[in-house]
$ cat protein.tsv   # TSV, C-alpha atoms and all ligand atoms
chain	number	residue	atom	x	y	z
A	1	MET	CA	-76.38	-8.93	-70.15
A	2	HIS	CA	-79.98	-7.87	-70.38
A	3	ILE	CA	-82.02	-4.70	-70.21
A	4	SER	CA	-83.54	-5.62	-66.88
A	5	GLU	CA	-80.25	-5.51	-64.93
A	6	ILE	CA	-80.12	-3.09	-62.03
A	7	GLY	CA	-78.74	0.31	-63.02
A	8	PHE	CA	-76.31	1.68	-60.49
A	9	CYS	CA	-74.94	4.72	-62.30
A	10	SER	CA	-76.03	8.31	-62.01
A	11	GLY	CA	-79.67	9.23	-61.44
A	12	HIS	CA	-80.88	5.71	-60.92
A	13	SER	CA	-78.77	5.52	-57.79
A	14	ALA	CA	-78.72	9.23	-56.97
A	15	SER	CA	-75.04	9.37	-57.89
A	16	GLY	CA	-72.73	10.49	-60.67
A	17	VAL	CA	-69.67	12.52	-61.55
A	18	TRP	CA	-69.69	15.86	-59.70
A	19	VAL	CA	-70.23	18.78	-62.12
A	20	ASP	CA	-71.16	22.45	-61.91
A	21	GLU	CA	-73.82	24.28	-63.96
A	22	GLN	CA	-71.52	24.31	-67.01
A	23	ALA	CA	-70.88	20.56	-66.66
A	24	ARG	CA	-67.30	21.16	-65.53
A	25	THR	CA	-65.85	18.45	-63.31
A	26	THR	CA	-63.38	19.35	-60.57
A	27	ILE	CA	-60.55	18.74	-63.11
A	28	PRO	CA	-60.14	21.87	-65.27
A	29	GLY	CA	-60.94	21.09	-68.92
A	30	LEU	CA	-62.69	17.81	-68.14
A	31	TYR	CA	-66.47	17.76	-68.58
A	32	ALA	CA	-69.13	15.20	-67.74
A	33	VAL	CA	-72.70	15.20	-69.03
A	34	GLY	CA	-75.86	13.15	-69.16
A	35	ASP	CA	-76.29	9.82	-67.48
A	36	MET	CA	-72.80	9.63	-66.02
A	37	ALA	CA	-72.89	13.15	-64.60
A	38	SER	CA	-75.37	14.51	-62.13
A	39	VAL	CA	-78.37	14.82	-64.43
A	40	PRO	CA	-80.87	13.32	-62.04
A	41	HIS	CA	-83.12	10.49	-63.13
A	42	ASN	CA	-81.53	9.83	-66.47
A	43	TYR	CA	-83.52	11.15	-69.38
A	44	MET	CA	-82.66	12.22	-72.91
A	45	LEU	CA	-83.78	15.86	-72.89
A	46	GLY	CA	-81.63	16.42	-69.82
A	47	ALA	CA	-78.65	14.80	-71.54
A	48	PHE	CA	-79.09	16.90	-74.72
A	49	VAL	CA	-79.36	20.23	-72.87
A	50	ASN	CA	-76.55	19.31	-70.51
A	51	GLY	CA	-74.39	18.28	-73.51
A	52	GLY	CA	-75.11	21.52	-75.38
A	53	ILE	CA	-74.10	23.62	-72.39
A	54	ALA	CA	-70.96	21.55	-71.83
A	55	GLY	CA	-69.97	21.72	-75.51
A	56	ALA	CA	-70.18	25.49	-75.63
A	57	ASP	CA	-68.22	25.90	-72.42
A	58	ALA	CA	-65.62	23.32	-73.47
A	59	ALA	CA	-65.11	25.05	-76.85
A	60	ALA	CA	-64.52	28.35	-75.05
A	61	TYR	CA	-62.12	26.63	-72.65
A	62	CYS	CA	-60.17	25.06	-75.52
A	63	ALA	CA	-59.96	28.34	-77.43
A	64	ALA	CA	-58.38	29.97	-74.39
A	65	THR	CA	-56.05	27.09	-73.45
A	66	SER	CA	-53.03	25.74	-75.27
A	67	LEU	CA	-52.31	22.02	-75.23
A	68	PRO	CA	-50.13	21.31	-72.18
A	69	GLU	CA	-47.10	19.07	-72.14
A	70	TYR	CA	-47.87	15.50	-71.24
A	71	ASP	CA	-45.84	12.52	-70.14
A	72	ALA	CA	-45.39	10.09	-73.03
A	73	GLY	CA	-44.66	7.38	-70.43
A	74	ASP	CA	-48.12	7.85	-68.88
A	75	LEU	CA	-49.64	7.42	-72.30
A	76	LEU	CA	-47.80	4.14	-72.86
A	77	VAL	CA	-48.88	2.80	-69.47
A	78	GLU	CA	-52.53	3.60	-70.25
A	79	GLN	CA	-52.23	2.12	-73.73
A	80	GLU	CA	-50.87	-1.08	-72.22
A	81	ARG	CA	-53.69	-1.20	-69.65
A	82	VAL	CA	-56.30	-0.77	-72.39
A	83	LEU	CA	-54.78	-3.37	-74.70
A	84	ALA	CA	-53.79	-5.91	-72.02
A	85	PRO	CA	-56.83	-8.18	-72.65
A	86	THR	CA	-55.80	-8.47	-76.33
A	87	ARG	CA	-52.37	-9.84	-75.35
A	88	ARG	CA	-53.89	-13.07	-73.97
A	89	ALA	CA	-54.95	-15.97	-76.13
A	90	ASP	CA	-57.22	-17.43	-73.46
A	91	GLY	CA	-58.55	-16.62	-70.02
A	92	LEU	CA	-61.81	-15.17	-68.70
A	93	THR	CA	-64.27	-13.56	-71.12
A	94	PRO	CA	-65.63	-10.02	-70.59
A	95	HIS	CA	-69.15	-11.46	-70.50
A	96	GLU	CA	-68.58	-13.75	-67.54
A	97	MET	CA	-66.60	-11.18	-65.58
A	98	GLU	CA	-69.26	-8.53	-66.20
A	99	PHE	CA	-72.04	-10.96	-65.30
A	100	LYS	CA	-70.38	-11.93	-62.05
A	101	THR	CA	-69.77	-8.28	-61.11
A	102	ARG	CA	-73.38	-7.36	-61.80
A	103	ARG	CA	-74.64	-10.39	-59.92
A	104	PHE	CA	-72.63	-9.35	-56.87
A	105	VAL	CA	-74.06	-5.84	-57.14
A	106	ASN	CA	-77.55	-7.34	-57.06
A	107	ASP	CA	-76.70	-9.82	-54.32
A	108	TYR	CA	-74.71	-7.59	-51.97
A	109	LEU	CA	-75.47	-3.91	-52.65
A	110	GLU	CA	-79.18	-3.78	-53.38
A	111	PRO	CA	-81.38	-2.09	-50.78
A	112	PRO	CA	-82.29	-2.77	-48.07
A	113	LYS	CA	-78.56	-2.26	-47.58
A	114	VAL	CA	-76.90	-4.38	-44.90
A	115	THR	CA	-73.41	-3.38	-43.71
A	116	ALA	CA	-72.08	-6.93	-43.41
A	117	LYS	CA	-73.39	-7.80	-46.88
A	118	MET	CA	-71.84	-4.72	-48.47
A	119	GLU	CA	-68.47	-5.47	-46.84
A	120	LEU	CA	-68.71	-9.01	-48.15
A	121	GLY	CA	-69.47	-7.53	-51.57
A	122	GLN	CA	-66.34	-5.37	-51.36
A	123	ARG	CA	-64.24	-8.47	-50.72
A	124	ARG	CA	-65.82	-10.27	-53.65
A	125	PHE	CA	-65.23	-7.26	-55.93
A	126	ALA	CA	-61.57	-7.30	-54.85
A	127	GLU	CA	-61.38	-10.96	-55.90
A	128	ILE	CA	-62.76	-10.07	-59.33
A	129	ARG	CA	-60.18	-7.29	-59.56
A	130	GLU	CA	-57.42	-9.85	-58.97
A	131	ASP	CA	-58.86	-11.90	-61.84
A	132	LEU	CA	-58.53	-8.95	-64.26
A	133	ASP	CA	-55.11	-10.35	-65.16
A	134	HIS	CA	-57.01	-13.15	-66.93
A	135	LEU	CA	-59.45	-10.92	-68.82
A	136	CYS	CA	-59.20	-11.84	-72.49
A	137	ALA	CA	-60.45	-10.08	-75.65
A	138	ARG	CA	-60.17	-11.76	-79.03
A	139	ASP	CA	-61.47	-8.93	-81.22
A	140	PRO	CA	-62.30	-5.19	-81.00
A	141	HIS	CA	-65.86	-5.87	-79.87
A	142	GLU	CA	-64.67	-8.01	-76.98
A	143	LEU	CA	-62.09	-5.36	-76.09
A	144	LEU	CA	-64.90	-2.80	-75.84
A	145	ARG	CA	-66.76	-5.14	-73.51
A	146	ALA	CA	-63.57	-5.85	-71.56
A	147	LEU	CA	-63.05	-2.14	-70.93
A	148	GLU	CA	-66.68	-1.57	-70.04
A	149	MET	CA	-66.52	-4.49	-67.62
A	150	GLN	CA	-63.63	-2.83	-65.77
A	151	THR	CA	-65.58	0.41	-65.52
A	152	ILE	CA	-68.59	-1.48	-64.15
A	153	LEU	CA	-66.33	-3.01	-61.50
A	154	ASP	CA	-65.10	0.49	-60.56
A	155	CYS	CA	-68.73	1.66	-60.28
A	156	ALA	CA	-69.57	-1.34	-58.10
A	157	ASP	CA	-66.68	-0.55	-55.75
A	158	MET	CA	-67.68	3.10	-55.61
A	159	ALA	CA	-71.32	2.24	-54.94
A	160	ALA	CA	-70.32	-0.02	-52.03
A	161	ALA	CA	-67.93	2.53	-50.53
A	162	ALA	CA	-70.35	5.47	-50.85
A	163	SER	CA	-73.23	3.45	-49.43
A	164	LEU	CA	-71.16	2.40	-46.41
A	165	TYR	CA	-69.99	5.98	-45.81
A	166	ARG	CA	-73.52	7.39	-45.44
A	167	THR	CA	-74.51	5.93	-42.07
A	168	GLU	CA	-78.19	6.85	-42.23
A	169	SER	CA	-81.22	6.06	-44.42
A	170	ARG	CA	-82.51	8.53	-47.06
A	171	TRP	CA	-84.68	8.63	-50.18
A	172	GLY	CA	-87.00	5.81	-49.15
A	173	PHE	CA	-85.84	2.50	-50.50
A	174	TYR	CA	-82.94	4.03	-52.50
A	175	HIS	CA	-80.68	4.22	-49.49
A	176	LEU	CA	-82.40	2.16	-46.84
A	177	ARG	CA	-79.75	0.89	-44.43
A	178	THR	CA	-80.98	-1.85	-42.17
A	179	ASP	CA	-78.54	-0.95	-39.41
A	180	HIS	CA	-79.03	2.82	-39.77
A	181	PRO	CA	-82.77	3.08	-40.48
A	182	GLU	CA	-83.26	6.74	-39.44
A	183	THR	CA	-82.70	9.82	-41.58
A	184	ASP	CA	-80.02	11.93	-39.90
A	185	ASN	CA	-80.30	15.48	-41.21
A	186	ARG	CA	-77.80	16.86	-38.74
A	187	ASN	CA	-74.92	14.81	-40.15
A	188	TRP	CA	-76.01	13.72	-43.59
A	189	ASN	CA	-78.12	16.43	-45.24
A	190	CYS	CA	-75.23	16.83	-47.69
A	191	HIS	CA	-73.67	15.34	-50.80
A	192	THR	CA	-70.99	12.75	-50.31
A	193	VAL	CA	-68.04	12.81	-52.68
A	194	LEU	CA	-65.65	9.99	-53.52
A	195	TYR	CA	-62.12	10.86	-54.58
A	196	LYS	CA	-58.66	9.31	-54.77
A	197	ASP	CA	-56.31	10.29	-51.96
A	198	ALA	CA	-52.55	10.86	-52.38
A	199	SER	CA	-51.90	7.12	-52.38
A	200	GLY	CA	-54.60	6.47	-54.99
A	201	ARG	CA	-57.03	4.93	-52.51
A	202	MET	CA	-60.73	5.70	-52.46
A	203	ALA	CA	-61.52	8.45	-49.96
A	204	HIS	CA	-64.69	10.27	-48.84
A	205	ALA	CA	-65.72	13.86	-48.24
A	206	LYS	CA	-68.94	15.71	-47.50
A	207	ARG	CA	-70.12	18.58	-49.65
A	208	ALA	CA	-72.81	21.07	-48.67
A	209	VAL	CA	-76.02	21.17	-50.72
A	210	ASP	CA	-76.37	24.51	-52.54
A	211	PRO	CA	-79.57	26.48	-51.88
A	212	PHE	CA	-82.37	25.37	-54.23
A	213	ILE	CA	-82.83	27.60	-57.31
A	214	VAL	CA	-86.58	26.93	-57.31
A	215	PRO	CA	-87.94	27.10	-53.77
A	216	VAL	CA	-89.61	23.89	-52.59
A	217	ALA	CA	-92.33	23.99	-49.95
A	218	ALA	CA	-91.35	22.39	-46.66
A	219	ALA	CA	-94.31	20.00	-46.88
A	220	GLU	CA	-93.06	18.74	-50.24
A	221	MET	CA	-89.52	18.21	-48.95
A	222	GLY	CA	-90.88	15.59	-46.60
A	223	ALA	CA	-92.30	13.39	-49.36
A	224	TYR	CA	-89.40	10.96	-49.27
A	225	HIS	CA	-89.77	10.54	-45.54
A	226	GLN	CA	-93.40	9.51	-45.70
A	227	LEU	CA	-92.90	6.51	-47.94
A	228	ARG	CA	-94.52	3.42	-46.53
A	229	VAL	CA	-91.37	1.33	-46.77
A	230	LYS	CA	-91.05	-1.47	-44.25
A	231	THR	CA	-87.75	-1.37	-42.42
A	232	PRO	CA	-86.47	-4.92	-42.18
A	233	ALA	CA	-85.02	-6.15	-38.90
A	234	ALA	CA	-81.25	-5.75	-38.72
A	235	ALA	CA	-79.59	-8.81	-40.20
A	236	GLU	CA	-76.34	-8.54	-38.29
B	1	MET	CA	-58.42	-21.20	-69.03
B	2	PRO	CA	-59.51	-22.21	-72.53
B	3	ILE	CA	-62.52	-20.43	-74.02
B	4	ILE	CA	-65.49	-22.41	-75.31
B	5	THR	CA	-68.27	-21.29	-77.65
B	6	GLN	CA	-71.84	-21.86	-76.52
B	7	ALA	CA	-74.58	-22.21	-79.12
B	8	LYS	CA	-77.54	-19.80	-79.04
B	9	SER	CA	-80.38	-19.10	-81.42
B	10	ALA	CA	-79.96	-15.77	-83.22
B	11	ALA	CA	-82.78	-13.25	-82.77
B	12	VAL	CA	-81.59	-11.16	-85.71
B	13	VAL	CA	-81.93	-13.15	-88.91
B	14	ILE	CA	-80.43	-12.19	-92.28
B	15	ASP	CA	-81.96	-13.50	-95.49
B	16	ASP	CA	-78.89	-14.62	-97.45
B	17	GLU	CA	-80.82	-14.49	-100.74
B	18	LYS	CA	-81.50	-10.78	-100.25
B	19	CYS	CA	-78.30	-9.67	-98.52
B	20	ILE	CA	-75.92	-7.85	-100.89
B	21	ALA	CA	-72.89	-7.69	-98.61
B	22	GLU	CA	-70.79	-9.15	-101.43
B	23	LYS	CA	-71.35	-5.86	-103.29
B	24	GLY	CA	-69.86	-3.98	-100.36
B	25	CYS	CA	-73.01	-3.16	-98.39
B	26	ARG	CA	-72.29	-2.62	-94.68
B	27	VAL	CA	-75.42	-0.65	-93.70
B	28	CYS	CA	-76.66	-2.92	-90.90
B	29	VAL	CA	-73.16	-3.33	-89.46
B	30	ASP	CA	-72.69	0.44	-89.45
B	31	VAL	CA	-76.05	1.40	-87.95
B	32	CYS	CA	-76.09	-1.13	-85.13
B	33	PRO	CA	-75.28	0.88	-81.98
B	34	LEU	CA	-74.35	-2.30	-80.12
B	35	ASP	CA	-71.80	-3.42	-82.73
B	36	ILE	CA	-73.20	-6.94	-82.82
B	37	LEU	CA	-73.60	-7.53	-86.58
B	38	ALA	CA	-70.71	-8.55	-88.82
B	39	ILE	CA	-69.98	-9.81	-92.30
B	40	ASP	CA	-69.07	-13.46	-92.67
B	41	GLU	CA	-65.92	-13.06	-94.76
B	42	ARG	CA	-66.21	-16.48	-96.37
B	43	ARG	CA	-69.88	-16.28	-97.37
B	44	GLN	CA	-69.91	-12.46	-97.79
B	45	LYS	CA	-73.21	-12.21	-95.90
B	46	ALA	CA	-74.19	-10.25	-92.80
B	47	TYR	CA	-74.88	-12.19	-89.59
B	48	MET	CA	-75.57	-11.69	-85.90
B	49	LYS	CA	-72.19	-12.22	-84.28
B	50	TYR	CA	-72.86	-11.36	-80.61
B	51	ASP	CA	-75.92	-12.10	-78.51
B	52	GLU	CA	-76.21	-8.53	-77.21
B	53	CYS	CA	-79.15	-7.13	-79.23
B	54	TRP	CA	-81.24	-4.30	-77.75
B	55	TYR	CA	-84.04	-4.62	-80.32
B	56	CYS	CA	-83.75	-1.00	-81.42
B	57	MET	CA	-84.47	-1.93	-85.07
B	58	PRO	CA	-82.44	0.41	-87.36
B	59	CYS	CA	-80.73	-2.62	-88.95
B	60	GLU	CA	-84.12	-3.90	-90.11
B	61	VAL	CA	-85.40	-0.49	-91.21
B	62	ASP	CA	-82.23	0.69	-92.99
B	63	CYS	CA	-81.28	-2.48	-94.90
B	64	PRO	CA	-81.66	-1.52	-98.58
B	65	THR	CA	-82.97	-4.97	-99.55
B	66	ASN	CA	-85.14	-5.79	-96.52
B	67	ALA	CA	-82.88	-8.70	-95.69
B	68	VAL	CA	-82.90	-8.17	-91.91
B	69	LYS	CA	-85.55	-9.47	-89.53
B	70	VAL	CA	-85.31	-8.72	-85.82
B	71	ASN	CA	-87.25	-11.32	-83.87
B	72	ILE	CA	-88.30	-11.21	-80.25
B	73	PRO	CA	-85.78	-13.51	-78.56
B	74	TYR	CA	-86.96	-16.87	-77.30
B	75	LEU	CA	-86.31	-15.93	-73.66
B	76	LEU	CA	-88.71	-12.96	-73.87
B	77	ARG	CA	-91.47	-14.58	-75.91
A	301	LIG	C1	-84.06	0.97	-71.72
A	301	LIG	C2	-84.00	2.46	-71.61
A	301	LIG	C3	-85.10	3.22	-72.02
A	301	LIG	C4	-85.06	4.59	-71.94
A	301	LIG	N1	-86.15	5.32	-72.34
A	301	LIG	C5	-86.12	6.67	-72.32
A	301	LIG	C6	-87.21	7.45	-72.79
A	301	LIG	O1	-88.24	6.90	-73.24
A	301	LIG	N2	-87.11	8.80	-72.74
A	301	LIG	C7	-86.00	9.43	-72.26
A	301	LIG	O2	-85.96	10.65	-72.25
A	301	LIG	N3	-84.95	8.72	-71.82
A	301	LIG	C8	-84.98	7.36	-71.84
A	301	LIG	N4	-83.90	6.64	-71.36
A	301	LIG	C9	-82.74	7.36	-70.84
A	301	LIG	C10	-81.89	7.93	-71.96
A	301	LIG	O3	-81.76	6.98	-72.97
A	301	LIG	C11	-80.52	8.29	-71.41
A	301	LIG	O4	-80.69	9.15	-70.31
A	301	LIG	C12	-79.66	9.02	-72.43
A	301	LIG	O5	-79.54	8.26	-73.60
A	301	LIG	C13	-78.28	9.30	-71.85
A	301	LIG	O6	-77.45	9.86	-72.82
A	301	LIG	P1	-75.90	10.06	-72.51
A	301	LIG	O7	-75.32	10.70	-73.72
A	301	LIG	O8	-75.73	10.70	-71.18
A	301	LIG	O9	-75.34	8.57	-72.31
A	301	LIG	P2	-75.24	7.39	-73.37
A	301	LIG	O10	-76.26	7.55	-74.44
A	301	LIG	O11	-75.22	6.15	-72.57
A	301	LIG	O12	-73.82	7.65	-74.04
A	301	LIG	C14	-72.61	7.28	-73.43
A	301	LIG	C15	-71.67	6.92	-74.54
A	301	LIG	O13	-70.33	6.78	-74.04
A	301	LIG	C16	-69.74	5.69	-74.65
A	301	LIG	N5	-68.65	5.24	-73.80
A	301	LIG	C17	-68.72	4.59	-72.61
A	301	LIG	N6	-67.51	4.37	-72.13
A	301	LIG	C18	-66.63	4.89	-73.00
A	301	LIG	C19	-65.21	4.98	-73.03
A	301	LIG	N7	-64.45	4.48	-72.05
A	301	LIG	N8	-64.64	5.59	-74.09
A	301	LIG	C20	-65.41	6.11	-75.07
A	301	LIG	N9	-66.75	6.06	-75.10
A	301	LIG	C21	-67.35	5.46	-74.06
A	301	LIG	C22	-70.86	4.68	-74.82
A	301	LIG	O14	-70.57	3.75	-75.82
A	301	LIG	C23	-72.02	5.59	-75.21
A	301	LIG	O15	-72.12	5.79	-76.58
A	301	LIG	C24	-83.91	5.24	-71.46
A	301	LIG	C25	-82.79	4.48	-71.07
A	301	LIG	C26	-82.83	3.11	-71.14
A	301	LIG	C27	-81.62	2.32	-70.71
A	302	LIG	S1	-77.85	-3.90	-94.65
A	302	LIG	FE1	-78.95	-5.63	-95.55
A	302	LIG	S2	-77.94	-5.95	-97.52
A	302	LIG	FE2	-76.58	-4.64	-96.34
A	302	LIG	S3	-75.15	-6.06	-95.37
A	302	LIG	FE3	-76.83	-5.74	-93.92
A	302	LIG	S4	-78.28	-7.40	-94.35
A	302	LIG	FE4	-76.87	-7.30	-96.08
A	303	LIG	S1	-82.02	-4.36	-83.37
A	303	LIG	FE1	-80.53	-2.77	-82.81
A	303	LIG	S2	-79.08	-3.84	-81.46
A	303	LIG	FE2	-80.23	-5.43	-82.52
A	303	LIG	S3	-78.97	-5.90	-84.31
A	303	LIG	FE3	-80.48	-4.38	-84.97
A	303	LIG	S4	-79.42	-2.41	-84.74
A	303	LIG	FE4	-78.24	-3.94	-83.55
$ encode --input "protein.tsv" --output "structure tokens"
Amino acid sequence: MHISEIGFCSGHSASGVWVDEQARTTIPGLYAVGDMASVPHNYMLGAFVNGGIAGADAAAYCAATSLPEYDAGDLLVEQERVLAPTRRADGLTPHEMEFKTRRFVNDYLEPPKVTAKMELGQRRFAEIREDLDHLCARDPHELLRALEMQTILDCADMAAAASLYRTESRWGFYHLRTDHPETDNRNWNCHTVLYKDASGRMAHAKRAVDPFIVPVAAAEMGAYHQLRVKTPAAAE
Amino acid sequence: MPIITQAKSAAVVIDDEKCIAEKGCRVCVDVCPLDILAIDERRQKAYMKYDECWYCMPCEVDCPTNAVKVNIPYLLR
């Protein structure tokens, strides 16, 4: 895999794990910082500051919280999931499964985003997911890559689902939907949040945008809507 | 499905004459953030095991005997 591959996590796709100002996720005691959280447009200074704030808050949280009981069975299940690729002597390598996943992201999810293409992508991702039973790791390095590959597949699925949910175009080319080319502030001037519903399936919700801490002039807010991006003709 | 090994030219080259892995040195292996360098147990020399280099250079800079050379890979030259 090379440096030039499309990045579809966090700032580079205007997405990430939802956190508050102290880097708390919506799960008490679980924090997310830097690239994988909502530090926009991934950069190191942001990650360092974000990490410092999170560390201090997490230390305070730990000092005030005693370790809860946990289900040893859950732990075993997770251990087995993590180590499963090491139990196979042959099969598919992490490299080829990662490459295929990333290729599908490029082929099916890249803007301009086309509904039919993204749905096709979802089906292809599901096929890769079925192949995970063949994922094979012969040493610790390959196990690391095997685990990362599964996370990349999760991100690909989330990117497809979130892109399909937002039925408008926004942020210039970032979220240019061929079949929904207009920006729809009435319905979509909000965050969209992905979560797992009671049955463990991916579900969507809207979340209001908090008032800006630093006021931005109305003229500046329009910058993204004056990009000279050609809207391609609908492909479906 | 059986797994095959495909040959590639290594961008990170270790000078076996200079490498002192047999004395227990593991500096390049330890500093590589991508975990791609390893010690050949039979020869007791460091080598590039995985073709996943990011060309970040600490292996070359930190090697105590200057045994490591990170080359620009053929595909990027
Ligand atoms: C090519 C490139 C050039 C860049 N240039 C600059 C620049 O010039 N200036 C700048 O400010 N920023 C730059 N950036 C961005 C900057 O490097 C990142 O924003 C920053 O490093 C993010 O830090 P982080 O700690 O959030 O994430 P990372 O540094 O990515 O750390 C995440 C860590 O989590 C580990 N991990 C992942 N999954 C698991 C798991 N399941 N279990 C345990 N550990 C796990 C990973 O191994 C990794 O160590 C660049 C980025 C790239 C890719
Ligand atoms: S750091 Fe240099 S001497 Fe040490 S193992 Fe690596 S190549 Fe050999
Ligand atoms: S250049 Fe960086 S990634 Fe490549 S072998 Fe050296 S330390 Fe590892």
$ interface_residues --input "protein.tsv" --of "chain A" --to "chain B" --cutoff "7 Å" --atoms "only C-alpha atoms" --output "list in words"
Asp90, Gly91 and Leu92 of chain A
$ axis_aligned_box --input "protein.tsv" --around "segment 16-33 of chain A" --padding-each-side "8 Å" --output "AutoDock Vina command-line options"
--center_x -67.0 --center_y 17.4 --center_z -64.4 --size_x 29.7 --size_y 29.8 --size_z 25.3
$ atom_distance --input "protein.tsv" --atom1 "atom CA of Ser9 of chain B" --atom2 "atom S1 of ligand LIG 303 (chain A)"
15.0 Å
$ residues_near_point --input "protein.tsv" --point "(-64.9, -13.7, -69.2)" --cutoff "10 Å" --atoms "only C-alpha atoms" --output "list of chain:residue names"
A:Asp90, A:Gly91, A:Leu92, A:Thr93, A:Pro94, A:His95, A:Glu96, A:Met97, A:Glu98, A:Phe99, A:Lys100, A:Asp131, A:Leu132, A:His134, A:Leu135, A:Cys136, A:Ala137, A:Glu142, A:Arg145, A:Ala146, A:Met149, B:Met1, B:Ile3
$ atom_distance --input "protein.tsv" --atom1 "atom S4 of ligand LIG 303 (chain A)" --atom2 "atom CA of Tyr74 of chain B"
17.9 Å
$ closest_residue --input "protein.tsv" --among "A:Ala32, A:Ala59, A:Leu67, A:Val214" --to "Asp20 of chain A" --atoms "all atoms listed in the file"
A:Ala32
$ residues_near_ligand --input "protein.tsv" --ligand "ligand LIG 301 (chain A)" --cutoff "7 Å" --atoms "only C-alpha atoms and all ligand atoms" --output "list in words"
Ile3, Val33, Gly34, Asp35, Met36, Asn42, Tyr43, Met44, Leu45, Ala47, Leu147 and Glu148 of chain A
$ residues_near_ligand --input "protein.tsv" --ligand "ligand LIG 302 (chain A)" --cutoff "7 Å" --atoms "all atoms listed in the file" --output "ChimeraX atom specification"
/B:14,18-21,25-29,45-46,59,62-68
$ residues_around --input "protein.tsv" --residues "Met57 of chain B" --least-positions-apart "4" --cutoff "9 Å" --atoms "all atoms listed in the file" --output "ChimeraX atom specification"
/B:32,61-62,69-70
$ residues_around --input "protein.tsv" --residues "Pro181 of chain A" --least-positions-apart "2" --cutoff "7 Å" --atoms "all atoms listed in the file" --output "list in words"
Glu168, Ser169, Leu176, Arg177, Thr178, Asp179, Thr183 and Thr231 of chain A
$ write_last_selection --input "protein.tsv" --atoms "C-alpha atoms" --output "mmCIF file, keeping the file's coordinate frame"
data_model
loop_
_atom_site.group_PDB
_atom_site.id
_atom_site.type_symbol
_atom_site.label_atom_id
_atom_site.label_comp_id
_atom_site.auth_asym_id
_atom_site.auth_seq_id
_atom_site.Cartn_x
_atom_site.Cartn_y
_atom_site.Cartn_z
ATOM 1 C CA GLU A 168 -78.190 6.850 -42.230
ATOM 2 C CA SER A 169 -81.220 6.060 -44.420
ATOM 3 C CA LEU A 176 -82.400 2.160 -46.840
ATOM 4 C CA ARG A 177 -79.750 0.890 -44.430
ATOM 5 C CA THR A 178 -80.980 -1.850 -42.170
ATOM 6 C CA ASP A 179 -78.540 -0.950 -39.410
ATOM 7 C CA THR A 183 -82.700 9.820 -41.580
ATOM 8 C CA THR A 231 -87.750 -1.370 -42.420
#
$ closest_residue --input "protein.tsv" --among "B:Glu22, B:Asp40, B:Glu60, B:Asp16" --to "ligand LIG 303 (chain A)" --atoms "all atoms listed in the file"
B:Glu60
$ closest_residue --input "protein.tsv" --among "B:Pro58, B:Gly24, B:Pro73, B:Gln44" --to "ligand LIG 303 (chain A)" --atoms "all atoms listed in the file"
B:Pro58
$ closest_residue --input "protein.tsv" --among "B:Ile39, B:Ile72, B:Tyr47, B:Val31" --to "ligand LIG 303 (chain A)" --atoms "all atoms listed in the file"
B:Val31
$ atom_distance --input "protein.tsv" --atom1 "atom CA of Asn187 of chain A" --atom2 "atom CA of Thr25 of chain A"
25.1 Å
$ closest_residue --input "protein.tsv" --among "B:Arg43, B:Leu75, B:Ala11, B:Ala38" --to "Tyr55 of chain B" --atoms "all atoms listed in the file"
B:Ala11
